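Novice: Before anything else, here's the structure in question.
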Amino acid sequence: MKEKIKIALAQISCKRGDKAENTRKIEREVTEAKQQGAELVIFPELSVTGYTMRDQIYELAETIPGHSTTVIEKLAKKTGTYIVFGMPELSEKTQATIYNTAVLVSPDGFIGKYRKMYLPTHSVFEEKRYFRPGYQTPVFETELGKMGLIICYDIFFPEVSRLARLKGAELIVCISASPATRKAFFETLTAARAIENTAFLAYVNLVGIEDGLQFWGGSRLIGPNGKALIEAKYDEEDLVIGEIHYADTRPTETFVPMLKDLRPELFDKLKETAEKL
Amino acid sequence: MGGYLKLGPTILDLDWSTVETKVKLFIKDYVEKSQAKGIVLGLSGGVDSCTIAALSALAIGGDRVFGLLLPEQETYNTRDVEHAKLVAEKFGFKTEIIDITPALETFYNSIPIFEPTEKLCKGNVKARTRMTYWYYYANRLDMLVCGSSNKSETMIGYFTKWGDVAADISPLMDLYKTQVRKLAHHIGIPKEIVIKPASPALWPGQLAEKELGIKYETLDLILYGLEHFMKIEEIAQQLDVEKEQVSKIKCRWLSMEHKRRMPLTTKIQYRTMGADFRLPRTRC
């Protein structure tokens with residue numbers, strides 16, 4: 001496993017419903033990021049389709065593996081990069097069960113996927129109308145390190161990142177489609193999830209306007225001490241590249257020992273109490 | 001390729017007695033809850049407006065339904081006026097006829113950039129002027145405006161934004177054009193009205209099917225397939241039409257969403273019109 005890696009945060013806007021155009025943009029960004037030395041390129045939530053699909057999702061969702069993953073796997077192979085991107089995933093076992101999924105591919109092909117657990121269905125969001133929630137928190141052991149994936153609203157629930165960290169993830173990748181009215185929450189929570197887990201956190205948000213929703217960008221790479229290593233611009237497309245050294249976790253973990261001080265017995269109480277909310 | 005849906009004329013069949021009951025109940029309930037004195041509607045003499053006028057009269061009584069006939073010189077059609085009067089007489093609702101030609105002329109003359117050969121711009125003025133009359137009457141008489149838009153034309157955006165589609169309620173908006181014809185026949189709208197070619201009457205000689213380039217019988221089945229998430233290829237194959245034609249209609253349906261929703265705004269604050277203000281229609 002590499003001790004330090006270069007990560008590109010590909011903060012793009014998407015053309016709603018146009019998978020071919022969005023995939024071409026992903027290809028351009030990966031090529032550019034690779035030229036700048038990136039080994040891992042991360043795209044926003046639902047970056048293959050755009051976020052606001054409404055009923056068009058039923059014709060845009062694809063199985064994994066499927067056409068879009070095959071195209072991006074080839075891109076990973078051609079450029080020798082790892083890529084994280086988002087897409088609506090159609091269940092292989094049914095015809096209209098869809099997940100909001102993050103996919104990780106490598107130069108050797110498909111590595112794995114994460115299905116969003118927390119689906120916002122309030123304010124402007126209607127994800128539970130369209131998506132089934134995920135039930136797994138996989139952690140992927142790669143030559144770039146152990147990675148956990150989460151998606152947008154998952155970051156409001158510390159247990160998702162915590163579980164990934166406890167399974168060994170040293171880098172938590174959060175892909176997002178966060179509208180501008182949520183900016184302050186994410187600026188706080190991205191740092192909080194990194195600190196409380198003493199892990200690196202890469203946050204990549206969408207930009208652009210979809211059906212009146214303005215996505216604010218502000219993608220960032222955060223160290224285990226909560227400090228941003230790099231930040232992308234607000235409100236416009238950007239490609240920023242930062243380097244993380246896994247050894248940098250140690251000084252934080254030593255004197256801010258969140259994992260050492262965990263109290264597992266509280267988790268049982270949490271469960272009992274939460275059920276009675 | 002096959003599916004559980006087989007597109008053919010019978011797929012659009014409904015139990016017309018049940019539909020009639022539902023529409024009448026809907027109108028009566030909304031008028032009562034709004035505490036309105038009745039309904040104002042535009043009456044062109046076409047099958048849609050005649051059907052909704054008749055159903056309104058059956059729902060709340062003809063003395064509470066006011067049909068406005070608003071002809072104008074360019075598209076004046078004696079037969080349409082006769083049809084409107086025939087239905088009013090049969091179903092017992094009130095009508096008033098107003099020639100809107102002078103209002104239109106005054107409006108055209110007041111516009112420095114008015115161009116008479118731009119027939120769509122000019123035609124839309126007619127539809128929006130009629131809307132202004134309906135709402136004047138509704139305000140003045142403490143009534144509601146009842147629209148006559150059907151599902152086919154609403155889906156493909158074949159209407160004037162803020163014009164003929166403007167209404168407080170549109171009870172027929174979930175019925176395709178060919179279904180409205182069947183409902184019309186069921187409630188006793190005279191046959192000559194049911195079968196006559198549809199026209200928005202925005203300019204002389206305008207005929208809906210000619211302008212759209214498709215018969216409503218085919219259009220409705222294509223739209224029904226799209227409504228049920230059928231793929232373009234499947235619809236084209238079942239109806240033996242070109243894929244391009246289905247694709248064009250699908251594109252038109254999707255790209256006309258702006259005509260069917262509140263104006264888009266940018267979300268700036270906590271709760272936003274058209275986005276996350278989700279309130280029931282209430283009268284306090």
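Every chain in the structure tokens takes a letter, A first, then B, and so on in the order presented; its residues are numbered from 1, and the ligands are numbered from 1 following the presented order.
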Taking only C-alpha atoms into account and nothing else, which residues of chain A lie no more than 8 Å away from chain B? Please answer as a CSV table (one decimal) with C-alpha atoms, in the first residue's frame.
Specialist:
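Output file out_25.csv is given in full below:
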chain,number,residue,atom,x,y,z
A,58,TYR,CA,-36.5,5.0,-14.3
A,59,GLU,CA,-34.9,5.1,-17.8
A,122,HIS,CA,-37.6,16.7,3.2
A,123,SER,CA,-37.3,20.3,2.0
A,124,VAL,CA,-36.3,20.0,-1.7
A,181,THR,CA,-28.7,26.4,1.5
A,211,ASP,CA,-34.3,22.8,-11.8
A,212,GLY,CA,-33.6,25.9,-9.7
A,213,LEU,CA,-31.4,24.1,-7.2
A,214,GLN,CA,-27.9,25.7,-7.1
Novice: Can you write out as a Markdown table which residues of stretch 121-171 of chain A fall within 10 Å of stretch 257-276 of chain A, alongside each residue's closest atom pair and its distance in Å to one decimal, counting only C-alpha atoms and ordering rows by chain and ascending residue number?
Specialist:
| residue | atom | partner | partner_atom | distance |
| --- | --- | --- | --- | --- |
| A:Glu159 | CA | A:Phe267 | CA | 9.7 |
| A:Arg162 | CA | A:Leu259 | CA | 9.3 |
| A:Arg165 | CA | A:Leu259 | CA | 9.0 |
| A:Leu166 | CA | A:Leu259 | CA | 8.2 |
Novice: Restrict the calculation to only C-alpha atoms, then for each residue of stretch 78-102 of chain A with any atom at most 9 Å from an atom of stretch 19-39 of chain A give the closest atom pair and their distance in Å to one decimal, rows by chain and rising residue number, as a Markdown table.
Specialist:
| residue | atom | partner | partner_atom | distance |
| --- | --- | --- | --- | --- |
| A:Thr79 | CA | A:Thr31 | CA | 6.8 |
| A:Gly80 | CA | A:Glu39 | CA | 7.6 |
| A:Thr81 | CA | A:Glu39 | CA | 5.0 |
| A:Tyr82 | CA | A:Glu39 | CA | 6.1 |
| A:Ile83 | CA | A:Val30 | CA | 8.0 |
| A:Phe85 | CA | A:Ile26 | CA | 8.8 |
Novice: Give me the residues within 8 Å of B:Val65 as a ChimeraX atom specification, counting only C-alpha atoms and dropping any in the same chain fewer than 6 places off.
Specialist: /B:38-41,53,56-57,93-94
Novice: Tell me, as number ranges by chain, which residues lie within 8 Å of B:Val180, counting only C-alpha atoms; anything in the same chain fewer than 4 positions away does not count.
Specialist: B: 47-48, 51, 150, 172, 175-176, 184
Novice: What does the distance from atom CA of B:Pro102 to atom CA of B:Lys161 come to in Å, to one decimal?
Specialist: 22.8 Å
Novice: Taking only C-alpha atoms into account, name the residue in A:Phe156, A:Tyr246, A:Tyr114, A:Tyr203 that is nearest to A:Glu3.
Specialist: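 The shortest atom-to-atom distance to A:Glu3 comes from A:Tyr246.
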